[in-house]
Number of protein chains: 2
Amino acid sequence: MNLGFIGTGVMGSSMVKNLMCAGHCLHIYNRTKSKTDELVAQGAIYYATPKEVAENAEVVFSMVGYPADVEEIYFGENGIFHAKNIAGKTVVDFTTSEPALAVKIFEQAKTLGANSLDAPVSGGDIGAKNATLTIMAGGEEEIFETIRPLFEIVGKTVEYQGKAGSGQHTKAANQIGVAGTMTSLVELLVYAEKAGLDLEKVIKTLSGGGAYTWSMNNYAPRILREDYSPGFFVKHFIKDLGIALNEAEKMEIDLPATTLAKQLYETLAEKGFENEGTQALIKLWWND
Amino acid sequence: MNLGFIGTGVMGSSMVKNLMCAGHCLHIYNRTKSKTDELVAQGAIYYATPKEVAENAEVVFSMVGYPADVEEIYFGENGIFHAKNIAGKTVVDFTTSEPALAVKIFEQAKTLGANSLDAPVSGGDIGAKNATLTIMAGGEEEIFETIRPLFEIVGKTVEYQGKAGSGQHTKAANQIGVAGTMTSLVELLVYAEKAGLDLEKVIKTLSGGGAYTWSMNNYAPRILREDYSPGFFVKHFIKDLGIALNEAEKMEIDLPATTLAKQLYETLAEKGFENEGTQALIKLWWND
């Protein structure tokens, strides 16, 4: 099948590789062309614009950084929606972006006779590499079902969540959940260290009980060996929490713990750690 | 073996039953005598004071409510430390209490020629019933090892954490961890509901990824069926977070997410929900 893929960063290029391994022909674009070289060497076809990618593919995936980037690759002068033969095609945005933008893309796709799904993922670089991502999809269910076999090439948990924007809302809920696990993990480590406890023993003991989190299992060991390299960037987490809190504000709900978590991460970024992994939050207490 | 047990509430009476099933002879005391009736019918021996329990047992366990109760049953007029033959015995406090009080008990025990361990537990009423508790112990390691076989009758994960008070500090770290999982679970459900998502589907999807917590697995289903009965009481969680934050203040560390969680739970208690389970936190948003 001829598939398009816009955005071949860390996540995107792993997904492209997995799709190629499954026998598909990949048509790709990335703002920084050099990041497509390896994929081209493996058989992907590079184009200078998202528009041309869309003209050569039946299904077009995107995985870029920020909502403004999504806006540009869909609606911009050389964007997907300016492809001559867009009618009948399906566009799928994997980017964690705004629910309202997902709805806008869905509506524009409809206007052009095309289909759209918002399908943000979780699972990070490792999940993308090992095809174990969780994919949360919004849009029309029958379109979701036609794309499901492709989702199952790149992800493990693939779930339809509801109408357009529901994938993005589910991802926002996910990030709200993650925020609390990071603040609590870091605060309990700060406490335990100051109390003179053996941190490895504490984590081993607490992992068996009510304080257990995926973050404890995945990030505590990295913190204990002072590995702050990004599984997930601080700057992207701030973006995601910003989306969630903007939506919450629109819906007139107050989320104090998530608000606090975003403030802590913003302080961390101001201190110069925005390109480290989210586990670097502990640096607000443990100064280098 | 002749064992003493002070405090036969929900947790304590399950632990007493498990110790009796393992063939031990239990000497018990509880402030409200009626709560000992069932255990006495099963073979436990009731005494009118903690002092008398201690006089008839080789090892004395305690599991009461608040630090003031611990103070009373150890140091009070009819307390454990007034037992005539206390020398050579070991006292073990399972109550979640203050590290400084655990040290005070340890020192008084030493003065009297006795031994002491602080051994708070996690795992709640179900863990006590099924003998799957996590036990976090502080004190002298050789004393811990002599008591370990008894701990393994009532718990599954039994870990020595360090000198006197370390069990309490580890439990405080555990409660700091739990606090963040409760606020994040509740906020993500509030968000998802307001966004019009299918909450069961959201929880199913997120459980496979980075937002996973023990609390999500255990409390989200209860919240979705509006079951706010206590696995763990709001009022006890406030006590535990108070202990953790007092200790943090003494150690001059600021734990903003835990501070916020305690404030939210205090607001919940003020609204009249202090005797409900910790999952009732969502009632701050979902009004009855």
# chains A, B, ... in the order shown; residues from 1 in each chain; ligands from 1
call {"tool": "select_by_dssp", "arguments": {"residues": "stretch 70-105 of chain A", "states": "strand (DSSP E or B)", "output": "MDAnalysis selection string"}}
result
chainID A and resid 90:93
call {"tool": "residues_around", "arguments": {"residues": "B:Ala54", "least_positions_apart": "3", "cutoff": "7 Å", "atoms": "only C-alpha atoms", "output": "list of chain:residue names"}}
result
B:Gly4, B:Pro50, B:Lys51, B:Ala57, B:Val60, B:Ile80, B:Ala83
call {"tool": "write_last_selection", "arguments": {"atoms": "N, CA and C atoms", "output": "PDB file, in the first residue's frame"}}
result
ATOM      1  N   GLY B   4       1.306 -10.978  71.891  1.00  0.00           N
ATOM      2  CA  GLY B   4       0.355  -9.956  72.303  1.00  0.00           C
ATOM      3  C   GLY B   4      -0.084  -9.138  71.101  1.00  0.00           C
ATOM      4  N   PRO B  50      -3.086  -2.921  78.069  1.00  0.00           N
ATOM      5  CA  PRO B  50      -1.917  -3.298  77.267  1.00  0.00           C
ATOM      6  C   PRO B  50      -0.803  -3.876  78.151  1.00  0.00           C
ATOM      7  N   LYS B  51      -0.683  -3.335  79.394  1.00  0.00           N
ATOM      8  CA  LYS B  51       0.326  -3.798  80.345  1.00  0.00           C
ATOM      9  C   LYS B  51       0.185  -5.301  80.591  1.00  0.00           C
ATOM     10  N   ALA B  57       2.952 -12.102  77.084  1.00  0.00           N
ATOM     11  CA  ALA B  57       3.406 -12.410  75.726  1.00  0.00           C
ATOM     12  C   ALA B  57       4.918 -12.235  75.591  1.00  0.00           C
ATOM     13  N   VAL B  60       5.038  -8.409  71.471  1.00  0.00           N
ATOM     14  CA  VAL B  60       3.801  -7.632  71.532  1.00  0.00           C
ATOM     15  C   VAL B  60       3.672  -6.759  70.278  1.00  0.00           C
ATOM     16  N   ILE B  80       2.309  -0.760  77.807  1.00  0.00           N
ATOM     17  CA  ILE B  80       3.225  -1.886  77.602  1.00  0.00           C
ATOM     18  C   ILE B  80       4.499  -1.734  78.427  1.00  0.00           C
ATOM     19  N   ALA B  83       4.782  -3.109  81.983  1.00  0.00           N
ATOM     20  CA  ALA B  83       4.740  -4.558  82.249  1.00  0.00           C
ATOM     21  C   ALA B  83       5.931  -4.908  83.145  1.00  0.00           C
TER      22      ALA B  83
END
call {"tool": "residues_around", "arguments": {"residues": "B:Phe106", "least_positions_apart": "6", "cutoff": "9 Å", "atoms": "only C-alpha atoms", "output": "number ranges by chain"}}
result
B: 91, 114-118, 139, 164-165
call {"tool": "interface_residues", "arguments": {"of": "chain B", "to": "chain A", "cutoff": "8 Å", "atoms": "only C-alpha atoms", "output": "ChimeraX atom specification"}}
result
/B:122-123,134,136,157-159,161-162,166,169-170,173-181,183-185,187-189,191-192,194-195,197-198,201-202,205-206,208-215,248,251,253,255-258,260-261
call {"tool": "closest_residue", "arguments": {"among": "B:Thr8, B:Gln279, B:Ile238, B:Asn246", "to": "B:Gln263", "atoms": "only C-alpha atoms"}}
result
B:Ile238
call {"tool": "select_by_dssp", "arguments": {"residues": "stretch 23-75 of chain B", "states": "helix (DSSP H, G or I)", "output": "ChimeraX atom specification"}}
result
/B:33-41,50-55,67-75
call {"tool": "residues_around", "arguments": {"residues": "A:Glu226", "least_positions_apart": "5", "cutoff": "12 Å", "atoms": "only C-alpha atoms", "output": "ChimeraX atom specification"}}
result
/A:219-221,276-277,279-283,286-288
call {"tool": "residues_around", "arguments": {"residues": "B:Met20", "least_positions_apart": "2", "cutoff": "12 Å", "atoms": "only C-alpha atoms", "output": "list in words"}}
result
Met1, Asn2, Leu3, Gly4, Phe5, Ser13, Ser14, Met15, Val16, Lys17, Asn18, Ala22, Gly23, His24, Cys25, Leu26, His27, Ile28, Leu39, Val40, Gln42, Gly43, Ala44, Ile45, Leu150, Ile153 and Val154 of chain B
call {"tool": "write_last_selection", "arguments": {"atoms": "N, CA, C and O atoms", "output": "short mmCIF file (atom, residue, chain, number, x, y, z; two decimals), in the first residue's frame"}}
result
data_model
loop_
_atom_site.label_atom_id
_atom_site.label_comp_id
_atom_site.auth_asym_id
_atom_site.auth_seq_id
_atom_site.Cartn_x
_atom_site.Cartn_y
_atom_site.Cartn_z
N MET B 1 3.70 -19.93 70.21
CA MET B 1 4.35 -18.80 70.89
C MET B 1 3.28 -17.88 71.47
O MET B 1 2.22 -17.71 70.88
N ASN B 2 3.55 -17.31 72.63
CA ASN B 2 2.61 -16.36 73.22
C ASN B 2 2.84 -14.96 72.64
O ASN B 2 3.88 -14.35 72.86
N LEU B 3 1.85 -14.51 71.88
CA LEU B 3 1.96 -13.21 71.20
C LEU B 3 0.92 -12.25 71.75
O LEU B 3 -0.22 -12.65 72.03
N GLY B 4 1.31 -10.98 71.89
CA GLY B 4 0.35 -9.96 72.30
C GLY B 4 -0.08 -9.14 71.10
O GLY B 4 0.69 -8.97 70.15
N PHE B 5 -1.32 -8.65 71.12
CA PHE B 5 -1.77 -7.78 70.04
C PHE B 5 -2.69 -6.70 70.62
O PHE B 5 -3.75 -7.01 71.17
N SER B 13 -7.66 -7.15 63.65
CA SER B 13 -8.32 -8.44 63.90
C SER B 13 -8.00 -9.45 62.79
O SER B 13 -7.86 -10.64 63.09
N SER B 14 -7.84 -8.98 61.56
CA SER B 14 -7.42 -9.91 60.49
C SER B 14 -6.02 -10.46 60.77
O SER B 14 -5.75 -11.65 60.58
N MET B 15 -5.13 -9.60 61.25
CA MET B 15 -3.77 -10.04 61.56
C MET B 15 -3.77 -11.04 62.72
O MET B 15 -3.05 -12.04 62.70
N VAL B 16 -4.59 -10.76 63.72
CA VAL B 16 -4.70 -11.68 64.86
C VAL B 16 -5.18 -13.06 64.38
O VAL B 16 -4.61 -14.10 64.75
N LYS B 17 -6.20 -13.06 63.51
CA LYS B 17 -6.71 -14.34 63.00
C LYS B 17 -5.62 -15.12 62.26
O LYS B 17 -5.47 -16.33 62.46
N ASN B 18 -4.86 -14.41 61.43
CA ASN B 18 -3.80 -15.09 60.68
C ASN B 18 -2.72 -15.66 61.61
O ASN B 18 -2.20 -16.75 61.37
N ALA B 22 -1.82 -19.77 62.38
CA ALA B 22 -0.46 -20.32 62.28
C ALA B 22 -0.05 -21.03 63.57
O ALA B 22 1.08 -21.47 63.71
N GLY B 23 -0.99 -21.11 64.52
CA GLY B 23 -0.73 -21.90 65.72
C GLY B 23 -0.27 -21.13 66.94
O GLY B 23 0.11 -21.73 67.95
N HIS B 24 -0.30 -19.81 66.87
CA HIS B 24 0.15 -19.03 68.02
C HIS B 24 -0.98 -18.75 69.00
O HIS B 24 -2.16 -18.76 68.63
N CYS B 25 -0.58 -18.48 70.25
CA CYS B 25 -1.55 -18.14 71.28
C CYS B 25 -1.60 -16.62 71.41
O CYS B 25 -0.59 -15.98 71.67
N LEU B 26 -2.78 -16.04 71.20
CA LEU B 26 -2.89 -14.58 71.13
C LEU B 26 -3.50 -13.96 72.38
O LEU B 26 -4.59 -14.36 72.81
N HIS B 27 -2.80 -13.00 72.92
CA HIS B 27 -3.23 -12.23 74.09
C HIS B 27 -3.54 -10.82 73.60
O HIS B 27 -2.65 -10.16 73.06
N ILE B 28 -4.80 -10.39 73.76
CA ILE B 28 -5.21 -9.18 73.05
C ILE B 28 -5.85 -8.13 73.95
O ILE B 28 -6.37 -8.42 75.03
N LEU B 39 -12.83 -12.54 68.30
CA LEU B 39 -11.50 -13.15 68.42
C LEU B 39 -11.42 -14.03 69.67
O LEU B 39 -10.81 -15.10 69.65
N VAL B 40 -12.04 -13.57 70.76
CA VAL B 40 -12.05 -14.36 72.00
C VAL B 40 -12.80 -15.67 71.76
O VAL B 40 -12.35 -16.74 72.19
N GLN B 42 -12.84 -17.24 69.16
CA GLN B 42 -11.96 -18.10 68.35
C GLN B 42 -10.71 -18.53 69.13
O GLN B 42 -9.83 -19.17 68.58
N GLY B 43 -10.62 -18.13 70.39
CA GLY B 43 -9.51 -18.64 71.20
C GLY B 43 -8.54 -17.61 71.74
O GLY B 43 -7.63 -17.94 72.51
N ALA B 44 -8.67 -16.33 71.34
CA ALA B 44 -7.77 -15.30 71.86
C ALA B 44 -8.13 -14.99 73.31
O ALA B 44 -9.27 -15.20 73.74
N ILE B 45 -7.15 -14.51 74.08
CA ILE B 45 -7.39 -14.20 75.49
C ILE B 45 -7.39 -12.69 75.67
O ILE B 45 -6.44 -12.00 75.26
N LEU B 150 7.26 -14.22 61.94
CA LEU B 150 5.92 -13.76 62.33
C LEU B 150 5.38 -12.76 61.30
O LEU B 150 4.21 -12.80 60.91
N ILE B 153 3.84 -14.35 58.36
CA ILE B 153 2.49 -14.92 58.54
C ILE B 153 1.43 -13.90 58.11
O ILE B 153 0.40 -14.26 57.56
N VAL B 154 1.70 -12.62 58.36
CA VAL B 154 0.68 -11.59 58.09
C VAL B 154 0.94 -10.77 56.81
O VAL B 154 0.05 -10.08 56.33
#
call {"tool": "decode", "arguments": {"residues": "stretch 179-198 of chain B", "atoms": "N, CA, C and O atoms", "output": "mmCIF file, in the first residue's frame"}}
result
data_model
loop_
_atom_site.group_PDB
_atom_site.id
_atom_site.type_symbol
_atom_site.label_atom_id
_atom_site.label_comp_id
_atom_site.auth_asym_id
_atom_site.auth_seq_id
_atom_site.Cartn_x
_atom_site.Cartn_y
_atom_site.Cartn_z
ATOM 1 N N ALA B 179 -0.411 9.671 47.228
ATOM 2 C CA ALA B 179 -1.126 10.946 47.101
ATOM 3 C C ALA B 179 -1.201 11.396 45.639
ATOM 4 O O ALA B 179 -2.272 11.752 45.137
ATOM 5 N N GLY B 180 -0.061 11.350 44.947
ATOM 6 C CA GLY B 180 -0.032 11.789 43.550
ATOM 7 C C GLY B 180 -0.838 10.890 42.633
ATOM 8 O O GLY B 180 -1.425 11.353 41.654
ATOM 9 N N THR B 181 -0.895 9.596 42.973
ATOM 10 C CA THR B 181 -1.683 8.698 42.111
ATOM 11 C C THR B 181 -3.175 8.955 42.282
ATOM 12 O O THR B 181 -3.942 8.776 41.335
ATOM 13 N N MET B 182 -3.590 9.396 43.466
ATOM 14 C CA MET B 182 -5.015 9.674 43.681
ATOM 15 C C MET B 182 -5.424 10.981 43.000
ATOM 16 O O MET B 182 -6.471 11.045 42.347
ATOM 17 N N THR B 183 -4.598 12.032 43.155
ATOM 18 C CA THR B 183 -4.975 13.303 42.518
ATOM 19 C C THR B 183 -4.987 13.146 40.992
ATOM 20 O O THR B 183 -5.875 13.651 40.328
ATOM 21 N N SER B 184 -3.995 12.422 40.436
ATOM 22 C CA SER B 184 -3.944 12.317 38.982
ATOM 23 C C SER B 184 -5.066 11.440 38.445
ATOM 24 O O SER B 184 -5.659 11.751 37.409
ATOM 25 N N LEU B 185 -5.400 10.368 39.150
ATOM 26 C CA LEU B 185 -6.509 9.515 38.704
ATOM 27 C C LEU B 185 -7.807 10.311 38.672
ATOM 28 O O LEU B 185 -8.560 10.271 37.695
ATOM 29 N N VAL B 186 -8.049 11.045 39.750
ATOM 30 C CA VAL B 186 -9.294 11.792 39.858
ATOM 31 C C VAL B 186 -9.346 12.902 38.800
ATOM 32 O O VAL B 186 -10.356 13.081 38.115
ATOM 33 N N GLU B 187 -8.241 13.624 38.626
ATOM 34 C CA GLU B 187 -8.258 14.720 37.644
ATOM 35 C C GLU B 187 -8.417 14.193 36.215
ATOM 36 O O GLU B 187 -9.080 14.804 35.394
ATOM 37 N N LEU B 188 -7.816 13.044 35.917
ATOM 38 C CA LEU B 188 -7.973 12.526 34.542
ATOM 39 C C LEU B 188 -9.400 12.048 34.306
ATOM 40 O O LEU B 188 -9.931 12.195 33.191
ATOM 41 N N LEU B 189 -10.053 11.509 35.336
ATOM 42 C CA LEU B 189 -11.451 11.088 35.177
ATOM 43 C C LEU B 189 -12.372 12.293 35.033
ATOM 44 O O LEU B 189 -13.300 12.280 34.222
ATOM 45 N N VAL B 190 -12.109 13.338 35.826
ATOM 46 C CA VAL B 190 -12.905 14.565 35.740
ATOM 47 C C VAL B 190 -12.793 15.150 34.326
ATOM 48 O O VAL B 190 -13.786 15.518 33.698
ATOM 49 N N TYR B 191 -11.540 15.188 33.821
ATOM 50 C CA TYR B 191 -11.305 15.712 32.465
ATOM 51 C C TYR B 191 -12.038 14.873 31.423
ATOM 52 O O TYR B 191 -12.747 15.386 30.562
ATOM 53 N N ALA B 192 -11.839 13.558 31.501
ATOM 54 C CA ALA B 192 -12.379 12.659 30.478
ATOM 55 C C ALA B 192 -13.907 12.702 30.454
ATOM 56 O O ALA B 192 -14.524 12.692 29.384
ATOM 57 N N GLU B 193 -14.505 12.789 31.631
ATOM 58 C CA GLU B 193 -15.970 12.823 31.704
ATOM 59 C C GLU B 193 -16.499 14.099 31.062
ATOM 60 O O GLU B 193 -17.422 14.073 30.261
ATOM 61 N N LYS B 194 -15.827 15.217 31.395
ATOM 62 C CA LYS B 194 -16.254 16.510 30.863
ATOM 63 C C LYS B 194 -16.048 16.573 29.342
ATOM 64 O O LYS B 194 -16.801 17.243 28.624
ATOM 65 N N ALA B 195 -15.031 15.865 28.850
ATOM 66 C CA ALA B 195 -14.752 15.848 27.404
ATOM 67 C C ALA B 195 -15.672 14.888 26.662
ATOM 68 O O ALA B 195 -15.579 14.754 25.436
ATOM 69 N N GLY B 196 -16.560 14.226 27.389
ATOM 70 C CA GLY B 196 -17.540 13.356 26.747
ATOM 71 C C GLY B 196 -17.006 11.984 26.358
ATOM 72 O O GLY B 196 -17.593 11.302 25.514
ATOM 73 N N LEU B 197 -15.889 11.577 26.944
ATOM 74 C CA LEU B 197 -15.320 10.272 26.604
ATOM 75 C C LEU B 197 -16.029 9.147 27.365
ATOM 76 O O LEU B 197 -16.712 9.387 28.354
ATOM 77 N N ASP B 198 -15.828 7.936 26.879
ATOM 78 C CA ASP B 198 -16.325 6.724 27.535
ATOM 79 C C ASP B 198 -15.293 6.347 28.607
ATOM 80 O O ASP B 198 -14.196 5.895 28.292
#
